[in-house]
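**Q** You'll find coords37.cif just under this line, and it carries mmCIF, C-alpha atoms and all ligand atoms.
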data_final
loop_
_atom_site.label_atom_id
_atom_site.label_comp_id
_atom_site.auth_asym_id
_atom_site.auth_seq_id
_atom_site.Cartn_x
_atom_site.Cartn_y
_atom_site.Cartn_z
CA MET A 1 2.39 5.94 -24.81
CA ARG A 2 2.34 7.08 -21.23
CA SER A 3 1.89 10.68 -20.39
CA ILE A 4 1.91 12.92 -17.39
CA LEU A 5 -1.32 14.86 -17.00
CA LEU A 6 -1.13 17.87 -14.80
CA SER A 7 -4.63 17.98 -13.45
CA ALA A 8 -6.69 20.85 -12.22
CA PHE A 9 -8.07 18.95 -9.29
CA ALA A 10 -5.38 20.14 -6.92
CA ALA A 11 -6.62 23.70 -7.22
CA LEU A 12 -10.23 22.61 -6.84
CA ALA A 13 -9.40 20.55 -3.82
CA VAL A 14 -7.76 23.44 -2.02
CA ALA A 15 -11.13 25.13 -2.04
CA THR A 16 -12.89 22.16 -0.48
CA LEU A 17 -10.21 20.73 1.74
CA GLY A 18 -7.97 23.68 2.43
CA CYS A 19 -8.92 24.10 6.04
CA GLU A 20 -9.19 20.44 7.00
CA LYS A 21 -7.26 19.12 9.94
CA LYS A 22 -4.29 16.90 9.23
CA THR A 23 -4.64 13.15 9.48
CA ALA A 24 -4.94 12.10 13.11
CA PRO A 25 -2.09 10.04 14.51
CA VAL A 26 -2.64 6.33 14.08
CA GLU A 27 -4.09 4.68 17.14
CA PRO A 28 -2.73 1.39 18.43
CA PRO A 29 -5.04 -1.49 17.52
CA LYS A 30 -7.88 -2.23 19.92
CA PRO A 31 -6.94 -5.51 21.61
CA ALA A 32 -10.41 -7.00 21.11
CA ASP A 33 -10.09 -6.82 17.32
CA VAL A 34 -6.73 -8.41 17.05
CA LYS A 35 -6.06 -12.00 17.87
CA PRO A 36 -2.70 -13.05 19.16
CA LEU A 37 -1.02 -15.78 17.19
CA GLU A 38 -0.49 -17.84 20.30
CA GLY A 39 -3.29 -18.80 22.66
CA LYS A 40 -6.68 -20.42 22.50
CA PRO A 41 -7.88 -21.90 19.24
CA ALA A 42 -10.44 -19.87 17.34
CA PRO A 43 -14.14 -20.71 17.71
CA ALA A 44 -15.46 -23.57 15.56
CA PRO A 45 -15.76 -22.56 11.91
CA ALA A 46 -19.13 -21.17 10.94
CA ALA A 47 -21.55 -23.51 9.21
CA ASP A 48 -22.97 -22.61 5.82
CA THR A 49 -25.70 -20.58 7.43
CA GLY A 50 -23.68 -18.59 9.97
CA ASP A 51 -21.42 -15.61 9.42
CA ILE A 52 -19.06 -15.75 6.49
CA ILE A 53 -15.55 -15.64 7.90
CA ILE A 54 -12.70 -14.05 6.00
CA GLY A 55 -9.14 -13.49 7.19
CA GLU A 56 -6.81 -10.53 7.32
CA VAL A 57 -3.08 -10.44 8.03
CA GLY A 58 -1.54 -7.07 8.79
CA SER A 59 1.33 -5.23 10.44
CA LEU A 60 -0.59 -3.89 13.42
CA THR A 61 2.54 -3.59 15.54
CA GLY A 62 6.24 -3.40 14.72
CA SER A 63 8.15 -1.23 12.28
CA GLU A 64 5.33 -0.73 9.74
CA ALA A 65 2.40 -0.66 12.16
CA ALA A 66 0.85 2.35 10.45
CA PHE A 67 0.35 0.24 7.29
CA GLY A 68 -1.62 -2.46 9.05
CA ILE A 69 -3.74 -0.11 11.12
CA SER A 70 -4.85 2.02 8.16
CA THR A 71 -5.58 -1.08 6.10
CA ARG A 72 -7.59 -2.65 8.89
CA ASN A 73 -9.66 0.53 9.21
CA GLY A 74 -10.41 0.51 5.49
CA ILE A 75 -11.44 -3.15 5.59
CA GLU A 76 -13.61 -2.60 8.65
CA LEU A 77 -15.45 0.22 6.91
CA ALA A 78 -16.12 -1.92 3.84
CA LEU A 79 -17.52 -4.76 5.95
CA GLU A 80 -19.68 -2.38 7.93
CA ASP A 81 -21.16 -1.00 4.69
CA ALA A 82 -21.72 -4.48 3.27
CA ASN A 83 -23.33 -5.86 6.40
CA ALA A 84 -25.57 -2.81 6.76
CA ALA A 85 -26.72 -3.44 3.19
CA GLY A 86 -27.73 -7.05 3.95
CA GLY A 87 -24.38 -8.85 3.86
CA VAL A 88 -23.52 -11.58 1.37
CA LYS A 89 -26.07 -14.24 0.44
CA GLY A 90 -28.14 -13.11 3.42
CA ARG A 91 -25.21 -13.71 5.80
CA LYS A 92 -23.00 -11.28 7.66
CA VAL A 93 -19.32 -11.10 6.77
CA LYS A 94 -16.82 -11.17 9.63
CA VAL A 95 -13.08 -10.76 9.51
CA ILE A 96 -10.51 -12.43 11.75
CA VAL A 97 -7.41 -10.24 11.93
CA TYR A 98 -3.96 -11.40 12.90
CA ASP A 99 -1.05 -9.11 13.66
CA ASP A 100 2.18 -10.24 11.97
CA GLN A 101 4.31 -7.66 13.83
CA SER A 102 5.69 -6.45 10.46
CA LYS A 103 7.55 -9.77 9.97
CA PRO A 104 7.29 -12.16 7.01
CA GLU A 105 7.59 -15.31 9.19
CA GLU A 106 4.71 -14.16 11.36
CA ALA A 107 2.65 -13.32 8.28
CA ALA A 108 3.20 -16.87 7.06
CA SER A 109 2.11 -18.49 10.34
CA ALA A 110 -0.90 -16.21 10.61
CA THR A 111 -1.96 -17.27 7.12
CA THR A 112 -1.63 -20.96 7.95
CA ARG A 113 -3.68 -20.44 11.06
CA LEU A 114 -6.43 -18.54 9.24
CA ILE A 115 -6.74 -21.31 6.69
CA THR A 116 -6.31 -24.45 8.78
CA GLN A 117 -7.93 -23.42 12.06
CA ASP A 118 -10.26 -20.56 11.29
CA LYS A 119 -11.31 -22.00 7.92
CA VAL A 120 -11.55 -18.58 6.28
CA LYS A 121 -13.00 -18.28 2.78
CA LEU A 122 -10.34 -15.86 1.61
CA VAL A 123 -7.44 -13.83 2.94
CA LEU A 124 -6.85 -10.07 2.71
CA GLY A 125 -3.28 -8.87 3.05
CA GLU A 126 -0.53 -7.92 3.28
CA VAL A 127 0.78 -4.43 2.55
CA ALA A 128 4.57 -4.91 2.51
CA SER A 129 5.51 -7.06 -0.48
CA SER A 130 7.96 -9.19 1.52
CA ASN A 131 5.12 -10.17 3.86
CA SER A 132 2.71 -10.91 1.00
CA LEU A 133 5.40 -13.03 -0.62
CA ALA A 134 5.56 -15.15 2.55
CA MET A 135 1.77 -15.60 2.57
CA ALA A 136 1.02 -16.21 -1.08
CA PRO A 137 2.39 -19.77 -1.46
CA ILE A 138 0.33 -20.89 1.55
CA CYS A 139 -2.89 -19.49 0.08
CA GLN A 140 -2.02 -20.95 -3.30
CA ASP A 141 -1.30 -24.44 -1.92
CA ASN A 142 -4.58 -24.44 -0.01
CA LYS A 143 -6.61 -23.00 -2.91
CA ILE A 144 -7.76 -20.08 -0.78
CA PRO A 145 -7.84 -16.78 -2.66
CA MET A 146 -5.63 -13.98 -1.35
CA ILE A 147 -6.11 -10.33 -2.26
CA SER A 148 -3.31 -7.95 -1.40
CA PRO A 149 -4.63 -4.41 -1.12
CA SER A 150 -1.32 -2.71 -1.76
CA SER A 151 1.70 -4.97 -2.35
CA THR A 152 3.25 -3.73 -5.56
CA ASN A 153 6.17 -6.12 -6.17
CA PRO A 154 5.36 -8.08 -9.36
CA SER A 155 6.33 -11.47 -7.92
CA VAL A 156 3.48 -11.46 -5.38
CA THR A 157 0.77 -12.45 -7.87
CA GLU A 158 3.22 -14.64 -9.78
CA LYS A 159 2.94 -17.11 -6.88
CA GLY A 160 -0.17 -18.55 -8.48
CA ASP A 161 -3.70 -18.18 -9.80
CA TYR A 162 -5.26 -17.70 -6.35
CA ILE A 163 -3.24 -14.55 -5.67
CA PHE A 164 -4.63 -11.11 -6.61
CA ARG A 165 -4.01 -7.45 -5.91
CA VAL A 166 -6.15 -4.34 -6.36
CA CYS A 167 -3.24 -1.95 -6.98
CA PHE A 168 -0.70 -1.26 -9.73
CA ILE A 169 2.74 -2.87 -9.74
CA ASP A 170 6.26 -1.49 -9.28
CA PRO A 171 7.40 -1.62 -12.92
CA PHE A 172 4.76 1.08 -13.45
CA GLN A 173 5.37 2.94 -10.19
CA GLY A 174 9.15 3.04 -10.77
CA PHE A 175 8.59 4.29 -14.30
CA VAL A 176 6.31 7.06 -13.00
CA MET A 177 8.95 8.50 -10.67
CA ALA A 178 11.78 8.08 -13.18
CA LYS A 179 9.72 9.94 -15.75
CA TYR A 180 8.74 12.65 -13.33
CA ALA A 181 12.36 13.10 -12.23
CA ARG A 182 13.63 13.20 -15.78
CA GLU A 183 10.92 15.16 -17.60
CA GLU A 184 9.36 17.41 -14.99
CA LEU A 185 12.20 17.95 -12.51
CA LYS A 186 14.73 17.75 -15.37
CA PHE A 187 17.21 15.75 -13.31
CA LYS A 188 20.18 14.31 -15.16
CA ASN A 189 21.99 12.68 -12.26
CA VAL A 190 20.48 10.90 -9.30
CA ALA A 191 21.49 8.45 -6.59
CA ILE A 192 19.45 5.66 -4.95
CA LEU A 193 19.35 4.42 -1.37
CA LYS A 194 17.63 1.03 -1.10
CA ASP A 195 16.61 -1.45 1.59
CA VAL A 196 18.19 -4.77 0.62
CA LYS A 197 15.87 -6.69 2.95
CA SER A 198 12.71 -5.47 1.23
CA ALA A 199 11.48 -7.05 -2.01
CA TYR A 200 9.63 -3.82 -2.65
CA SER A 201 12.70 -1.60 -2.31
CA VAL A 202 14.98 -3.86 -4.34
CA GLY A 203 12.37 -4.15 -7.12
CA LEU A 204 11.69 -0.43 -7.35
CA THR A 205 15.41 0.36 -7.40
CA GLU A 206 15.92 -1.94 -10.35
CA VAL A 207 13.02 -0.41 -12.33
CA PHE A 208 13.88 3.19 -11.53
CA GLU A 209 17.52 2.71 -12.46
CA ARG A 210 16.65 1.12 -15.80
CA LYS A 211 13.89 3.56 -16.75
CA PHE A 212 15.86 6.64 -15.72
CA ALA A 213 18.79 5.49 -17.85
CA GLU A 214 16.48 4.74 -20.80
CA MET A 215 15.25 8.32 -20.57
CA GLY A 216 18.80 9.62 -20.83
CA GLY A 217 19.50 10.13 -17.13
CA LYS A 218 22.30 8.70 -15.08
CA VAL A 219 22.21 6.86 -11.76
CA LEU A 220 25.51 7.89 -10.19
CA GLY A 221 25.44 5.37 -7.38
CA ILE A 222 23.28 2.99 -5.36
CA GLU A 223 23.76 2.66 -1.60
CA SER A 224 22.10 0.04 0.62
CA TYR A 225 20.70 -0.38 4.10
CA ALA A 226 18.80 -3.18 5.79
CA LYS A 227 15.45 -2.90 7.57
CA GLY A 228 16.12 -2.21 11.24
CA ASP A 229 19.15 0.01 10.62
CA THR A 230 19.05 3.38 12.31
CA ASP A 231 22.29 4.97 11.18
CA PHE A 232 22.43 5.83 7.49
CA ARG A 233 25.25 8.38 7.73
CA SER A 234 27.97 6.49 5.93
CA GLN A 235 25.72 5.75 2.93
CA LEU A 236 24.52 9.36 2.88
CA THR A 237 28.08 10.65 3.08
CA ALA A 238 28.99 8.51 0.07
CA ILE A 239 25.95 9.83 -1.80
CA LYS A 240 26.80 13.44 -0.94
CA LYS A 241 30.19 13.02 -2.62
CA LEU A 242 28.41 12.09 -5.87
CA LYS A 243 26.57 15.44 -5.91
CA PRO A 244 23.31 14.05 -7.33
CA GLU A 245 20.43 16.35 -8.24
CA GLY A 246 17.95 13.88 -6.76
CA LEU A 247 17.97 10.99 -4.28
CA TYR A 248 15.50 8.14 -4.81
CA VAL A 249 14.67 6.30 -1.58
CA PRO A 250 12.17 3.52 -2.31
CA GLY A 251 11.70 2.56 1.34
CA TYR A 252 9.04 2.68 4.05
CA TYR A 253 8.04 5.80 5.99
CA ASN A 254 9.71 4.68 9.23
CA ASP A 255 13.18 4.48 7.65
CA VAL A 256 12.67 7.34 5.19
CA GLY A 257 11.86 9.86 7.93
CA ILE A 258 15.16 9.12 9.68
CA ILE A 259 17.11 9.01 6.41
CA ALA A 260 15.80 12.47 5.50
CA ARG A 261 16.84 13.92 8.84
CA GLN A 262 20.32 12.42 8.73
CA ALA A 263 20.75 13.55 5.12
CA ARG A 264 20.00 17.16 6.03
CA GLU A 265 22.23 16.99 9.11
CA LEU A 266 25.08 15.97 6.83
CA GLY A 267 24.33 18.88 4.51
CA LEU A 268 22.91 16.73 1.72
CA LYS A 269 20.25 19.05 0.38
CA THR A 270 19.25 17.16 -2.74
CA VAL A 271 15.55 16.63 -3.56
CA MET A 272 14.33 13.30 -2.24
CA MET A 273 11.94 11.05 -4.14
CA GLY A 274 10.13 7.87 -3.19
CA GLY A 275 7.16 5.60 -3.73
CA ASP A 276 3.95 4.56 -2.00
CA GLY A 277 5.96 3.17 0.93
CA TRP A 278 6.35 6.72 2.23
CA ASP A 279 2.63 6.99 2.76
CA SER A 280 1.93 7.55 6.41
CA GLU A 281 1.26 10.48 8.65
CA LYS A 282 4.20 9.14 10.67
CA LEU A 283 6.56 10.20 7.89
CA PHE A 284 5.96 13.85 8.78
CA GLU A 285 6.50 13.21 12.49
CA LEU A 286 9.78 11.43 11.83
CA GLY A 287 11.03 13.53 8.92
CA GLY A 288 9.82 16.97 9.98
CA LYS A 289 11.31 19.77 7.90
CA ALA A 290 13.86 17.40 6.37
CA ILE A 291 11.20 15.72 4.26
CA GLU A 292 9.68 18.96 2.88
CA GLY A 293 9.71 19.37 -0.90
CA SER A 294 10.13 15.64 -1.62
CA PHE A 295 8.13 13.84 -4.29
CA VAL A 296 6.43 10.42 -4.22
CA SER A 297 4.35 8.23 -6.46
CA ASN A 298 1.19 6.92 -4.82
CA HIS A 299 -2.19 5.26 -5.38
CA TYR A 300 -4.62 8.03 -4.58
CA SER A 301 -4.89 11.57 -3.32
CA PRO A 302 -7.47 12.62 -0.75
CA GLU A 303 -7.64 15.89 -2.70
CA ASP A 304 -9.43 14.07 -5.54
CA PRO A 305 -12.77 15.92 -5.65
CA SER A 306 -14.77 12.99 -7.07
CA PRO A 307 -17.87 12.28 -4.94
CA GLN A 308 -16.80 8.68 -4.50
CA VAL A 309 -13.48 9.68 -2.92
CA GLN A 310 -15.00 12.46 -0.84
CA ASN A 311 -17.81 10.20 0.47
CA PHE A 312 -15.25 7.62 1.50
CA ILE A 313 -13.18 10.27 3.26
CA SER A 314 -16.12 11.64 5.22
CA LYS A 315 -17.27 8.16 6.28
CA TYR A 316 -13.72 7.31 7.31
CA LYS A 317 -13.29 10.54 9.25
CA GLY A 318 -16.59 9.98 11.01
CA LYS A 319 -15.45 6.57 12.23
CA PHE A 320 -11.70 6.91 12.72
CA GLY A 321 -11.14 10.65 12.90
CA GLY A 322 -8.47 11.32 10.29
CA VAL A 323 -7.93 11.61 6.56
CA PRO A 324 -7.48 8.09 5.12
CA ASP A 325 -4.14 7.35 3.45
CA SER A 326 -3.80 5.11 0.40
CA LEU A 327 -3.50 2.02 2.62
CA ALA A 328 -6.97 2.68 4.02
CA ALA A 329 -8.36 3.35 0.54
CA LEU A 330 -6.85 0.17 -0.87
CA GLY A 331 -7.92 -1.89 2.16
CA TYR A 332 -11.46 -0.67 1.55
CA ASP A 333 -11.20 -1.48 -2.16
CA ALA A 334 -9.74 -4.97 -1.58
CA ALA A 335 -12.52 -5.86 0.86
CA ASN A 336 -15.17 -4.58 -1.55
CA VAL A 337 -13.73 -6.58 -4.44
CA ALA A 338 -13.84 -9.66 -2.18
CA ILE A 339 -17.43 -8.95 -1.11
CA GLU A 340 -18.64 -8.46 -4.67
CA ALA A 341 -16.95 -11.69 -5.76
CA MET A 342 -18.57 -13.57 -2.85
CA LYS A 343 -21.97 -12.18 -3.86
CA ARG A 344 -21.57 -13.32 -7.47
CA ALA A 345 -20.00 -16.72 -6.77
CA PRO A 346 -22.28 -19.78 -6.94
CA ASP A 347 -20.69 -20.99 -3.68
CA LEU A 348 -17.94 -19.85 -1.34
CA SER A 349 -15.37 -22.50 -2.21
CA GLY A 350 -11.84 -21.34 -3.03
CA PRO A 351 -12.07 -22.18 -6.76
CA ALA A 352 -15.46 -20.46 -7.13
CA LEU A 353 -14.21 -17.33 -5.38
CA ARG A 354 -11.00 -17.32 -7.36
CA ASP A 355 -12.98 -17.44 -10.62
CA GLU A 356 -15.14 -14.50 -9.58
CA ILE A 357 -12.29 -12.33 -8.30
CA ALA A 358 -10.53 -12.94 -11.61
CA LYS A 359 -13.62 -11.61 -13.44
CA THR A 360 -13.48 -8.25 -11.58
CA LYS A 361 -13.94 -5.60 -14.24
CA ASP A 362 -14.42 -1.84 -14.03
CA PHE A 363 -15.02 -2.02 -10.30
CA PRO A 364 -15.21 1.56 -9.00
CA GLY A 365 -12.61 1.60 -6.23
CA VAL A 366 -11.76 4.65 -4.15
CA ALA A 367 -8.14 4.38 -5.34
CA GLY A 368 -9.10 4.02 -9.01
CA THR A 369 -11.12 1.66 -11.18
CA ILE A 370 -10.18 -2.00 -10.76
CA SER A 371 -10.04 -4.56 -13.56
CA MET A 372 -8.00 -7.72 -13.02
CA ASN A 373 -5.63 -8.40 -15.89
CA GLU A 374 -4.46 -11.90 -16.83
CA LYS A 375 -1.71 -11.63 -14.22
CA ARG A 376 -4.27 -10.84 -11.49
CA ASP A 377 -2.97 -7.29 -11.10
CA ALA A 378 -5.01 -4.10 -11.37
CA VAL A 379 -3.86 -1.64 -14.02
CA LYS A 380 -4.51 1.90 -12.81
CA PRO A 381 -3.07 5.40 -12.94
CA ALA A 382 -0.66 6.64 -10.28
CA VAL A 383 -0.48 10.06 -8.69
CA VAL A 384 2.61 12.12 -7.96
CA LEU A 385 2.46 14.00 -4.66
CA GLN A 386 4.80 16.50 -3.05
CA VAL A 387 5.42 17.06 0.66
CA VAL A 388 4.33 20.63 1.38
CA ASP A 389 3.81 21.97 4.91
CA GLY A 390 3.79 18.54 6.49
CA LYS A 391 1.34 16.89 4.13
CA PHE A 392 1.11 15.36 0.68
CA LYS A 393 -0.06 17.79 -2.01
CA TYR A 394 -1.38 16.47 -5.29
CA VAL A 395 0.86 17.30 -8.26
CA ALA A 396 0.05 15.08 -11.23
CA THR A 397 -1.64 11.93 -12.47
CA VAL A 398 0.26 9.46 -14.64
CA LYS A 399 -1.71 6.94 -16.70
CA PRO A 400 -0.38 3.50 -17.55
N1 LIG B 501 3.64 -1.09 -2.13
C1 LIG B 501 4.31 -1.37 -0.88
C2 LIG B 501 4.92 -2.75 -0.97
O1 LIG B 501 4.65 -3.49 -1.84
C3 LIG B 501 3.38 -1.26 0.29
C4 LIG B 501 2.64 0.04 0.43
C5 LIG B 501 1.51 0.33 -0.34
C6 LIG B 501 3.05 0.99 1.34
C7 LIG B 501 0.84 1.55 -0.24
C8 LIG B 501 2.36 2.19 1.46
C9 LIG B 501 1.28 2.48 0.66
O2 LIG B 501 5.69 -3.17 -0.16
#
Could you render the structure from this file as C-alpha cells?
**A**
Amino acid sequence: MRSILLSAFAALAVATLGCEKKTAPVEPPKPADVKPLEGKPAPAPAADTGDIIIGEVGSLTGSEAAFGISTRNGIELALEDANAAGGVKGRKVKVIVYDDQSKPEEAASATTRLITQDKVKLVLGEVASSNSLAMAPICQDNKIPMISPSSTNPSVTEKGDYIFRVCFIDPFQGFVMAKYAREELKFKNVAILKDVKSAYSVGLTEVFERKFAEMGGKVLGIESYAKGDTDFRSQLTAIKKLKPEGLYVPGYYNDVGIIARQARELGLKTVMMGGDGWDSEKLFELGGKAIEGSFVSNHYSPEDPSPQVQNFISKYKGKFGGVPDSLAALGYDAANVAIEAMKRAPDLSGPALRDEIAKTKDFPGVAGTISMNEKRDAVKPAVVLQVVDGKFKYVATVKP
C-alpha cells in the first residue's frame, strides 16, 4: 500500500530557512569546463596510474540548459569532496563534460566521443529521458556503465545491464500526482497537456491518465504540443472548454512557464500540476504569477531539515551561491554512487564497475537512500511541492 504522509518538516524548515535568499539565477557554463564537440582531440587517455577519467553529458546550453548546469554543479561538488578525501585508489577523479545543447543527437555523439576518444571509465548523464535514451545503447554496446542522475522514463535502464539511475521512475511519479490530485485536492475531472516529442512527457501522461482513472477520476481530454513550440493557445482554448478542475502538464520548466502564462491570459484558472521537469528557478521567471499555487512531484525538498541535506545545501551555496535544485542533488548522488563503486571495484573495467554499481545498497544520497533494484532503478519516496511566492514549498512525502 502506498500512502501520503503529511510531514511536519515543512513547519520546521520555515524556522531554519525562512529568511534565505531565493536560488540564484543559473550561470552560463564556464567555457574552460565544457568541451566543444568539434575541435581538437582530447588529450591521450590517462594510464593506470594517472587521473581516473569519467565522462558527463549534459544540456549546458539550449532549451533545458538549467538542467545541465545544476547537474554539473552537483557532480563537481561530489568530485571535489572525493578528491579532497584522497580520491579513488589513490588517484584523482576527473570529469570530461560535453554539452549536448539539449538535443538527443548531440547527446549520442558526445557519448561516442567520451568512450572512443576520451576512454572514460563510466558516463554520467543525462537529465532529459529522451537524451538518456539516445546515449544508453552506446554505453551498453561498449560495456561502459552509464548512470543517469535524474531520467525517470522506465525505458532508459531497459536498454541494458550497464545502464543505471539513482532516481525513481515515472510509473511511481505519475501515480504520486494522480493520487494527490484525486485524494488530497479531490479533483474528479482533469485535462492533460503533453509534449509529444519528449519520452518523459508521453510516459507520464500515460501513467497519470491510467492511475487517475483507476482512482475514480476522469481525464476529460489530452492536448499535445511539441518541444520548441511557443504558442499553446489553441490547445489551452480547447482545454478551457472542458472545464477541468486540474490541468496536468508533465513538461519541462521552459515550456511550462509559457504555458502557464498563456493559460491565465486566456482565462483558464484551473490548478496546474506537473512533475520533476518543472524543477528550475527559471520556471518562476518565465511563469511569474501564472504558476502560483501549482503542485509538482519531485525528488527532494531543500526544506528537508536532515543534517545530510542541510550540509549539502550549505556546501553548494558556498561554491555556487544558490539553493540546489533536485538536479544538483541527484547529480551529486550519481557521482557519489559512481565514486563508491570505483572504490570497491577490483579494477576499473566496465564489467567490474557495472557489477559494483549494481550492488549499491542503502547508499545515503541527498535526494533519498539509494538501493539499485534488479532493473537498475532506485526505489525512493517522492515529495509533493507547491509553488508559493515564487518558490517550491514542501507539502507531502509519498512512499513507494
Ligand atoms: N525526470 C526528467 C526526465 O526524465 C528529468 C528531470 C529530473 C527534470 C529532475 C527535472 C528534475 O526527463
**Q** Quick one: residues within 10 Å of ligand LIG 501 (chain B), with all atoms listed in the file, as JSON, numbers by chain?
**A** {"A": [64, 66, 67, 68, 70, 71, 126, 127, 128, 129, 130, 131, 132, 133, 148, 149, 150, 151, 152, 153, 154, 156, 167, 168, 169, 170, 173, 198, 199, 200, 201, 203, 204, 250, 251, 252, 253, 275, 276, 277, 278, 279, 280, 297, 298, 299, 300, 325, 326, 327, 328, 329, 330, 331]}
**Q** For Asn83 in chain A, list every protein, DNA or RNA residue within 8 Å, evaluated using all atoms listed in the file, and leave out those in the same chain fewer than 5 positions away; present the list as a list in words.
**A**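 Once the adjacent positions are removed, what remains is Val88, Lys92 and Val93 of chain A.
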**Q** Within 7 Å of Ile53 in chain A, counting all atoms listed in the file, which residues qualify if same-chain residues fewer than 2 places away don't, as a list of chain:residue names?
**A**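 Surrounding residues, per the criterion: A:Asp51, A:Gly55, A:Val93, A:Lys94, A:Val95, A:Val120, A:Lys121.
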**Q** Please produce a file of those selected residues containing C-alpha atoms, as a PDB file, in the coordinates of the input.
**A**
ATOM      1  CA  ASP A  51     -21.420 -15.610   9.420  1.00  0.00           C
ATOM      2  CA  GLY A  55      -9.140 -13.490   7.190  1.00  0.00           C
ATOM      3  CA  VAL A  93     -19.320 -11.100   6.770  1.00  0.00           C
ATOM      4  CA  LYS A  94     -16.820 -11.170   9.630  1.00  0.00           C
ATOM      5  CA  VAL A  95     -13.080 -10.760   9.510  1.00  0.00           C
ATOM      6  CA  VAL A 120     -11.550 -18.580   6.280  1.00  0.00           C
ATOM      7  CA  LYS A 121     -13.000 -18.280   2.780  1.00  0.00           C
TER       8      LYS A 121
END
**Q** For the point (-14.1, 3.7, -3.8) in file coordinates, what residues are within 10 Å, counting all atoms listed in the file? Give the answer as a ChimeraX atom specification?
**A** /A:78,306-313,329-330,332-334,336,363-370
**Q** Kindly save the residues from that selection, with C-alpha atoms included, as a short mmCIF file (atom, residue, chain, number, x, y, z; two decimals), in the frame of the given file.
**A**
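What landed in result.cif:
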data_model
loop_
_atom_site.label_atom_id
_atom_site.label_comp_id
_atom_site.auth_asym_id
_atom_site.auth_seq_id
_atom_site.Cartn_x
_atom_site.Cartn_y
_atom_site.Cartn_z
CA ALA A 78 -16.12 -1.92 3.84
CA SER A 306 -14.77 12.99 -7.07
CA PRO A 307 -17.87 12.28 -4.94
CA GLN A 308 -16.80 8.68 -4.50
CA VAL A 309 -13.48 9.68 -2.92
CA GLN A 310 -15.00 12.46 -0.84
CA ASN A 311 -17.81 10.20 0.47
CA PHE A 312 -15.25 7.62 1.50
CA ILE A 313 -13.18 10.27 3.26
CA ALA A 329 -8.36 3.35 0.54
CA LEU A 330 -6.85 0.17 -0.87
CA TYR A 332 -11.46 -0.67 1.55
CA ASP A 333 -11.20 -1.48 -2.16
CA ALA A 334 -9.74 -4.97 -1.58
CA ASN A 336 -15.17 -4.58 -1.55
CA PHE A 363 -15.02 -2.02 -10.30
CA PRO A 364 -15.21 1.56 -9.00
CA GLY A 365 -12.61 1.60 -6.23
CA VAL A 366 -11.76 4.65 -4.15
CA ALA A 367 -8.14 4.38 -5.34
CA GLY A 368 -9.10 4.02 -9.01
CA THR A 369 -11.12 1.66 -11.18
CA ILE A 370 -10.18 -2.00 -10.76
#
**Q** Restricting the calculation to only C-alpha atoms, which member of A:Glu105, A:Tyr316, A:Val296, A:Tyr98 is positioned closest to Glu80 in chain A?
**A**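 Using only C-alpha atoms, the shortest distance to Glu80 in chain A belongs to A:Tyr316.
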**Q** Using the file's own x, y and z axes, what box holds all listed atoms of range 201-212 of chain A with 6 Å on each side, keeping edges along x, y and z, and what are its centre and edge lengths in Å to one decimal, as AutoDock Vina command-line options?
**A**
--center_x 14.6 --center_y 1.2 --center_z -9.5 --size_x 17.8 --size_y 22.8 --size_z 26.4
**Q** When distances are computed from only C-alpha atoms, which of A:Lys159, A:Lys399, A:Lys359, A:Lys380 shows the smallest separation from Val176 in chain A?
**A**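 Of all the options, A:Lys399 lies closest to Val176 in chain A.
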**Q** How close does each residue of range 136-195 of chain A get to range 208-212 of chain A, giving the shortest atom pair and distance in Å to one decimal for every residue with an atom at most 6 Å away, counting only C-alpha atoms, sorted by chain and residue number, as a tab-separated table?
**A**
residue	atom	partner	partner_atom	distance
A:Gly174	CA	A:Phe208	CA	4.8
A:Phe175	CA	A:Lys211	CA	5.9
A:Ala178	CA	A:Phe212	CA	5.0
**Q** Let me make sure I understand: among A:Thr270, A:Ser371, A:Ser109, A:Ser349, which one has the smallest atom-to-atom distance to Pro244 in chain A if we use only C-alpha atoms?
**A**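 Of A:Thr270, A:Ser371, A:Ser109, A:Ser349, the one nearest Pro244 in chain A is A:Thr270, counting only C-alpha atoms.
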**Q** Taking 5 positions as the minimum chain separation for residues in the same chain, which residues sit within 12 Å of range 232-234 of chain A when counting all atoms listed in the file? Answer as a ChimeraX atom specification.
**A** /A:193-195,223-227,239-241,249,255-268
